[in-house]
file final.cif (mmCIF, C-alpha atoms and all ligand atoms)
data_final
loop_
_atom_site.label_atom_id
_atom_site.label_comp_id
_atom_site.auth_asym_id
_atom_site.auth_seq_id
_atom_site.Cartn_x
_atom_site.Cartn_y
_atom_site.Cartn_z
CA MET A 1 -16.31 -19.49 20.15
CA ASP A 2 -15.40 -20.84 16.75
CA ASN A 3 -16.90 -18.90 13.88
CA VAL A 4 -18.58 -20.87 11.13
CA ILE A 5 -20.32 -17.93 9.45
CA GLY A 6 -19.37 -16.84 5.94
CA PHE A 7 -19.82 -13.37 4.46
CA ASP A 8 -23.27 -13.07 5.98
CA GLU A 9 -25.62 -10.12 5.35
CA ASP A 10 -27.08 -10.10 8.88
CA ALA A 11 -23.59 -10.19 10.37
CA ILE A 12 -22.53 -7.23 8.22
CA ARG A 13 -25.61 -5.25 9.33
CA LEU A 14 -24.92 -5.96 13.01
CA ILE A 15 -21.28 -5.01 12.67
CA ILE A 16 -22.11 -1.72 10.95
CA LYS A 17 -24.81 -0.96 13.54
CA HIS A 18 -22.47 -1.44 16.51
CA THR A 19 -19.24 0.05 15.20
CA VAL A 20 -17.90 3.59 15.33
CA VAL A 21 -15.29 4.38 12.68
CA THR A 22 -13.53 7.72 13.01
CA ASN A 23 -11.00 7.10 10.27
CA LEU A 24 -9.87 4.23 8.08
CA TYR A 25 -6.63 3.45 9.91
CA SER A 26 -7.46 3.89 13.59
CA CYS A 27 -9.31 1.39 15.79
CA TYR A 28 -12.92 0.67 14.86
CA ASP A 29 -14.63 0.99 18.22
CA TRP A 30 -17.19 -1.71 19.04
CA ARG A 31 -20.27 -0.43 20.96
CA GLY A 32 -22.25 -3.68 21.06
CA SER A 33 -22.13 -6.68 23.43
CA LYS A 34 -18.80 -7.96 24.66
CA THR A 35 -17.48 -11.09 26.32
CA SER A 36 -16.31 -10.88 29.94
CA GLU A 37 -12.80 -10.36 28.48
CA GLY A 38 -14.01 -7.36 26.47
CA TYR A 39 -14.16 -8.99 23.03
CA PRO A 40 -16.96 -7.87 20.68
CA THR A 41 -19.75 -10.39 20.18
CA ILE A 42 -22.70 -10.61 17.84
CA GLN A 43 -25.63 -13.00 17.96
CA LEU A 44 -27.03 -14.15 14.64
CA GLY A 45 -30.54 -15.44 13.98
CA GLY A 46 -32.24 -13.87 17.01
CA ARG A 47 -32.12 -14.66 20.72
CA TYR A 48 -31.19 -18.32 20.32
CA GLY A 49 -28.75 -17.94 17.46
CA PRO A 50 -25.03 -18.56 17.76
CA LYS A 51 -22.88 -15.97 19.52
CA ILE A 52 -19.69 -15.23 17.68
CA THR A 53 -16.84 -12.83 18.20
CA ALA A 54 -17.00 -9.96 15.72
CA HIS A 55 -13.23 -9.42 15.49
CA SER A 56 -12.71 -13.12 14.59
CA LEU A 57 -15.39 -12.89 11.93
CA VAL A 58 -13.86 -9.76 10.42
CA CYS A 59 -10.44 -11.43 10.54
CA GLU A 60 -11.86 -14.41 8.64
CA TRP A 61 -13.48 -12.16 6.02
CA PHE A 62 -10.27 -10.29 5.34
CA ASN A 63 -7.60 -12.93 5.91
CA GLY A 64 -9.37 -16.17 5.05
CA PRO A 65 -10.28 -19.03 7.38
CA LYS A 66 -8.28 -19.92 10.47
CA PRO A 67 -5.00 -21.40 9.29
CA CYS A 68 -4.65 -23.59 12.38
CA ILE A 69 -7.72 -25.23 13.87
CA PRO A 70 -8.56 -25.11 16.73
CA SER A 71 -5.53 -23.39 18.19
CA CYS A 72 -5.58 -20.10 16.22
CA VAL A 73 -6.98 -16.93 17.68
CA ALA A 74 -7.71 -13.54 16.15
CA MET A 75 -4.95 -11.34 17.63
CA HIS A 76 -5.27 -7.59 18.05
CA ARG A 77 -2.07 -5.96 16.84
CA CYS A 78 -3.39 -2.72 18.34
CA ASN A 79 -3.95 -4.30 21.80
CA ASN A 80 -7.49 -2.89 21.86
CA SER A 81 -9.72 -5.90 22.54
CA SER A 82 -12.87 -4.10 21.38
CA CYS A 83 -11.42 -3.06 17.99
CA ILE A 84 -12.71 -4.67 14.81
CA ASN A 85 -10.58 -2.87 12.21
CA PRO A 86 -9.58 -5.76 9.93
CA ARG A 87 -6.12 -4.19 9.48
CA HIS A 88 -5.55 -4.55 13.22
CA VAL A 89 -6.59 -8.20 13.58
CA ILE A 90 -4.52 -11.17 12.39
CA TRP A 91 -4.55 -14.92 12.95
CA GLY A 92 -1.99 -16.21 15.38
CA THR A 93 -1.49 -19.07 17.79
CA GLN A 94 -2.50 -18.73 21.42
CA SER A 95 1.16 -18.77 22.40
CA GLU A 96 1.96 -15.90 19.97
CA ASN A 97 -0.96 -13.98 21.48
CA VAL A 98 0.34 -14.49 25.03
CA LYS A 99 3.90 -13.49 23.97
CA GLN A 100 2.55 -10.31 22.36
CA SER A 101 0.53 -9.45 25.44
CA TYR A 102 3.64 -9.70 27.66
CA ARG A 103 5.75 -7.76 25.16
CA ASP A 104 3.16 -4.98 24.98
CA GLY A 105 2.59 -4.89 28.73
CA ARG A 106 -0.97 -6.22 28.82
CA ARG A 107 0.01 -8.90 31.38
ZN ZN B 201 -7.39 -1.47 16.59
#

call {"tool": "encode", "arguments": {"input": "final.cif", "output": "structure tokens", "more": "lines below"}}
Ligand SMILES: [Zn+2]
result
Amino acid sequence: MDNVIGFDEDAIRLIIKHTVVTNLYSCYDWRGSKTSEGYPTIQLGGRYGPKITAHSLVCEWFNGPKPCIPSCVAMHRCNNSSCINPRHVIWGTQSENVKQSYRDGRR
């Protein structure tokens, strides 16, 4: 799922609606739809609109567009796949993501 959505009002509304924030620095817990791997997804423009991953969108809003297309992924530094705190999500390559997951014991 490659995001092509800018700072979109509907996307912001969906993200606010489905997110629980207990404090600024901890994980922002996603309560909406998720992929089979547990990543947060939103669907824009109704039932037939594009499905995008919310953590990638938030990463793009806070860190700018993907620096390496198409190989970059939005990596969770917190290892919580359903988190969308922009401070916890950074762009990285797929290989950096796999290395981090081994280092942090997710694999
Ligand atoms: Zn987090």

call {"tool": "residues_around", "arguments": {"input": "final.cif", "residues": "Asn85 of chain A", "least_positions_apart": "4", "cutoff": "10 Å", "atoms": "only C-alpha atoms", "output": "number ranges by chain"}}
result
A: 19, 21, 24-30, 55, 58-59, 76, 78, 89

call {"tool": "atom_distance", "arguments": {"input": "final.cif", "atom1": "atom CA of Ser33 of chain A", "atom2": "atom CA of Arg103 of chain A"}}
result
28.0 Å

call {"tool": "axis_aligned_box", "arguments": {"input": "final.cif", "around": "segment 61-69 of chain A", "padding_each_side": "4 Å", "output": "AutoDock Vina command-line options"}}
result
--center_x -9.1 --center_y -17.8 --center_z 9.5 --size_x 16.8 --size_y 22.9 --size_z 16.8

call {"tool": "closest_residue", "arguments": {"input": "final.cif", "among": "A:Thr41, A:Ser95, A:Ser82, A:Ser101", "to": "Ala11 of chain A", "atoms": "only C-alpha atoms"}}
result
A:Thr41

call {"tool": "closest_residue", "arguments": {"input": "final.cif", "among": "A:Tyr102, A:Tyr39, A:Trp61, A:Tyr48", "to": "ligand ZN 201 (chain B)", "atoms": "all atoms listed in the file"}}
result
A:Tyr39

call {"tool": "closest_residue", "arguments": {"input": "final.cif", "among": "A:Cys83, A:Val73, A:Cys68, A:Val20", "to": "Lys34 of chain A", "atoms": "all atoms listed in the file"}}
result
A:Cys83

call {"tool": "residues_around", "arguments": {"input": "final.cif", "residues": "segment 62-66 of chain A", "least_positions_apart": "5", "cutoff": "8 Å", "atoms": "only C-alpha atoms", "output": "list in words"}}
result
Cys72, Val73, Pro86, Ile90 and Trp91 of chain A

call {"tool": "closest_residue", "arguments": {"input": "final.cif", "among": "A:Lys51, A:His18, A:Arg77, A:Arg13", "to": "ligand ZN 201 (chain B)", "atoms": "all atoms listed in the file"}}
result
A:Arg77

call {"tool": "atom_distance", "arguments": {"input": "final.cif", "atom1": "atom CA of Asn97 of chain A", "atom2": "atom CA of Ser81 of chain A"}}
result
12.0 Å

call {"tool": "closest_residue", "arguments": {"input": "final.cif", "among": "A:Thr53, A:Thr93, A:Thr35, A:Asn79", "to": "ligand ZN 201 (chain B)", "atoms": "all atoms listed in the file"}}
result
A:Asn79

call {"tool": "atom_distance", "arguments": {"input": "final.cif", "atom1": "atom CA of Lys17 of chain A", "atom2": "atom CA of Leu44 of chain A"}}
result
13.4 Å

call {"tool": "closest_residue", "arguments": {"input": "final.cif", "among": "A:Lys99, A:Ser71, A:Asp104, A:Arg87", "to": "ligand ZN 201 (chain B)", "atoms": "only C-alpha atoms and all ligand atoms"}}
result
A:Arg87

call {"tool": "build_atoms", "arguments": {"input": "final.cif", "residues": "segment 76-107 of chain A", "atoms": "N, CA and C atoms", "output": "PDB file, in the frame of the given file"}}
result
ATOM      1  N   HIS A  76      -5.214  -9.033  18.280  1.00  0.00           N
ATOM      2  CA  HIS A  76      -5.270  -7.590  18.050  1.00  0.00           C
ATOM      3  C   HIS A  76      -3.853  -7.024  18.044  1.00  0.00           C
ATOM      4  N   ARG A  77      -3.386  -6.589  16.898  1.00  0.00           N
ATOM      5  CA  ARG A  77      -2.070  -5.960  16.840  1.00  0.00           C
ATOM      6  C   ARG A  77      -2.068  -4.622  17.569  1.00  0.00           C
ATOM      7  N   CYS A  78      -3.254  -4.020  17.701  1.00  0.00           N
ATOM      8  CA  CYS A  78      -3.390  -2.720  18.340  1.00  0.00           C
ATOM      9  C   CYS A  78      -3.595  -2.834  19.866  1.00  0.00           C
ATOM     10  N   ASN A  79      -3.723  -4.062  20.366  1.00  0.00           N
ATOM     11  CA  ASN A  79      -3.950  -4.300  21.800  1.00  0.00           C
ATOM     12  C   ASN A  79      -5.242  -3.695  22.333  1.00  0.00           C
ATOM     13  N   ASN A  80      -6.182  -3.415  21.440  1.00  0.00           N
ATOM     14  CA  ASN A  80      -7.490  -2.890  21.860  1.00  0.00           C
ATOM     15  C   ASN A  80      -8.497  -4.011  21.621  1.00  0.00           C
ATOM     16  N   SER A  81      -8.894  -4.697  22.701  1.00  0.00           N
ATOM     17  CA  SER A  81      -9.720  -5.900  22.540  1.00  0.00           C
ATOM     18  C   SER A  81     -11.085  -5.624  21.921  1.00  0.00           C
ATOM     19  N   SER A  82     -11.554  -4.379  21.953  1.00  0.00           N
ATOM     20  CA  SER A  82     -12.870  -4.100  21.380  1.00  0.00           C
ATOM     21  C   SER A  82     -12.786  -3.527  19.954  1.00  0.00           C
ATOM     22  N   CYS A  83     -11.597  -3.573  19.361  1.00  0.00           N
ATOM     23  CA  CYS A  83     -11.420  -3.060  17.990  1.00  0.00           C
ATOM     24  C   CYS A  83     -11.785  -4.128  16.964  1.00  0.00           C
ATOM     25  N   ILE A  84     -12.443  -3.717  15.889  1.00  0.00           N
ATOM     26  CA  ILE A  84     -12.710  -4.670  14.810  1.00  0.00           C
ATOM     27  C   ILE A  84     -12.199  -4.170  13.453  1.00  0.00           C
ATOM     28  N   ASN A  85     -11.207  -3.275  13.478  1.00  0.00           N
ATOM     29  CA  ASN A  85     -10.580  -2.870  12.210  1.00  0.00           C
ATOM     30  C   ASN A  85      -9.829  -4.090  11.663  1.00  0.00           C
ATOM     31  N   PRO A  86     -10.209  -4.548  10.459  1.00  0.00           N
ATOM     32  CA  PRO A  86      -9.580  -5.760   9.930  1.00  0.00           C
ATOM     33  C   PRO A  86      -8.068  -5.624   9.736  1.00  0.00           C
ATOM     34  N   ARG A  87      -7.567  -4.388   9.606  1.00  0.00           N
ATOM     35  CA  ARG A  87      -6.120  -4.190   9.480  1.00  0.00           C
ATOM     36  C   ARG A  87      -5.400  -4.401  10.808  1.00  0.00           C
ATOM     37  N   HIS A  88      -6.144  -4.425  11.896  1.00  0.00           N
ATOM     38  CA  HIS A  88      -5.550  -4.550  13.220  1.00  0.00           C
ATOM     39  C   HIS A  88      -5.652  -5.975  13.773  1.00  0.00           C
ATOM     40  N   VAL A  89      -6.344  -6.853  13.060  1.00  0.00           N
ATOM     41  CA  VAL A  89      -6.590  -8.200  13.580  1.00  0.00           C
ATOM     42  C   VAL A  89      -5.983  -9.236  12.633  1.00  0.00           C
ATOM     43  N   ILE A  90      -5.166 -10.115  13.199  1.00  0.00           N
ATOM     44  CA  ILE A  90      -4.520 -11.170  12.390  1.00  0.00           C
ATOM     45  C   ILE A  90      -4.673 -12.508  13.107  1.00  0.00           C
ATOM     46  N   TRP A  91      -4.541 -13.579  12.342  1.00  0.00           N
ATOM     47  CA  TRP A  91      -4.550 -14.920  12.950  1.00  0.00           C
ATOM     48  C   TRP A  91      -3.199 -15.179  13.583  1.00  0.00           C
ATOM     49  N   GLY A  92      -3.225 -15.799  14.731  1.00  0.00           N
ATOM     50  CA  GLY A  92      -1.990 -16.210  15.380  1.00  0.00           C
ATOM     51  C   GLY A  92      -2.299 -17.356  16.318  1.00  0.00           C
ATOM     52  N   THR A  93      -1.261 -18.002  16.822  1.00  0.00           N
ATOM     53  CA  THR A  93      -1.490 -19.070  17.790  1.00  0.00           C
ATOM     54  C   THR A  93      -1.717 -18.453  19.160  1.00  0.00           C
ATOM     55  N   GLN A  94      -2.275 -19.229  20.060  1.00  0.00           N
ATOM     56  CA  GLN A  94      -2.500 -18.730  21.420  1.00  0.00           C
ATOM     57  C   GLN A  94      -1.168 -18.335  22.060  1.00  0.00           C
ATOM     58  N   SER A  95      -0.128 -19.097  21.782  1.00  0.00           N
ATOM     59  CA  SER A  95       1.160 -18.770  22.400  1.00  0.00           C
ATOM     60  C   SER A  95       1.719 -17.457  21.826  1.00  0.00           C
ATOM     61  N   GLU A  96       1.536 -17.201  20.537  1.00  0.00           N
ATOM     62  CA  GLU A  96       1.960 -15.900  19.970  1.00  0.00           C
ATOM     63  C   GLU A  96       1.178 -14.757  20.611  1.00  0.00           C
ATOM     64  N   ASN A  97      -0.107 -14.999  20.870  1.00  0.00           N
ATOM     65  CA  ASN A  97      -0.960 -13.980  21.480  1.00  0.00           C
ATOM     66  C   ASN A  97      -0.484 -13.653  22.903  1.00  0.00           C
ATOM     67  N   VAL A  98      -0.142 -14.702  23.661  1.00  0.00           N
ATOM     68  CA  VAL A  98       0.340 -14.490  25.030  1.00  0.00           C
ATOM     69  C   VAL A  98       1.681 -13.750  24.993  1.00  0.00           C
ATOM     70  N   LYS A  99       2.591 -14.173  24.082  1.00  0.00           N
ATOM     71  CA  LYS A  99       3.900 -13.490  23.970  1.00  0.00           C
ATOM     72  C   LYS A  99       3.704 -12.013  23.662  1.00  0.00           C
ATOM     73  N   GLN A 100       2.793 -11.712  22.710  1.00  0.00           N
ATOM     74  CA  GLN A 100       2.550 -10.310  22.360  1.00  0.00           C
ATOM     75  C   GLN A 100       2.015  -9.534  23.547  1.00  0.00           C
ATOM     76  N   SER A 101       1.128 -10.160  24.317  1.00  0.00           N
ATOM     77  CA  SER A 101       0.530  -9.450  25.440  1.00  0.00           C
ATOM     78  C   SER A 101       1.577  -9.118  26.508  1.00  0.00           C
ATOM     79  N   TYR A 102       2.560 -10.009  26.716  1.00  0.00           N
ATOM     80  CA  TYR A 102       3.640  -9.700  27.660  1.00  0.00           C
ATOM     81  C   TYR A 102       4.536  -8.603  27.096  1.00  0.00           C
ATOM     82  N   ARG A 103       4.872  -8.738  25.807  1.00  0.00           N
ATOM     83  CA  ARG A 103       5.750  -7.760  25.160  1.00  0.00           C
ATOM     84  C   ARG A 103       5.133  -6.353  25.203  1.00  0.00           C
ATOM     85  N   ASP A 104       3.815  -6.280  25.035  1.00  0.00           N
ATOM     86  CA  ASP A 104       3.160  -4.980  24.980  1.00  0.00           C
ATOM     87  C   ASP A 104       2.631  -4.521  26.349  1.00  0.00           C
ATOM     88  N   GLY A 105       2.938  -5.308  27.381  1.00  0.00           N
ATOM     89  CA  GLY A 105       2.590  -4.890  28.730  1.00  0.00           C
ATOM     90  C   GLY A 105       1.133  -5.047  29.110  1.00  0.00           C
ATOM     91  N   ARG A 106       0.433  -5.968  28.441  1.00  0.00           N
ATOM     92  CA  ARG A 106      -0.970  -6.220  28.820  1.00  0.00           C
ATOM     93  C   ARG A 106      -1.067  -7.203  29.969  1.00  0.00           C
ATOM     94  N   ARG A 107       0.033  -7.928  30.271  1.00  0.00           N
ATOM     95  CA  ARG A 107       0.010  -8.900  31.380  1.00  0.00           C
ATOM     96  C   ARG A 107       1.122  -8.581  32.355  1.00  0.00           C
TER      97      ARG A 107
END
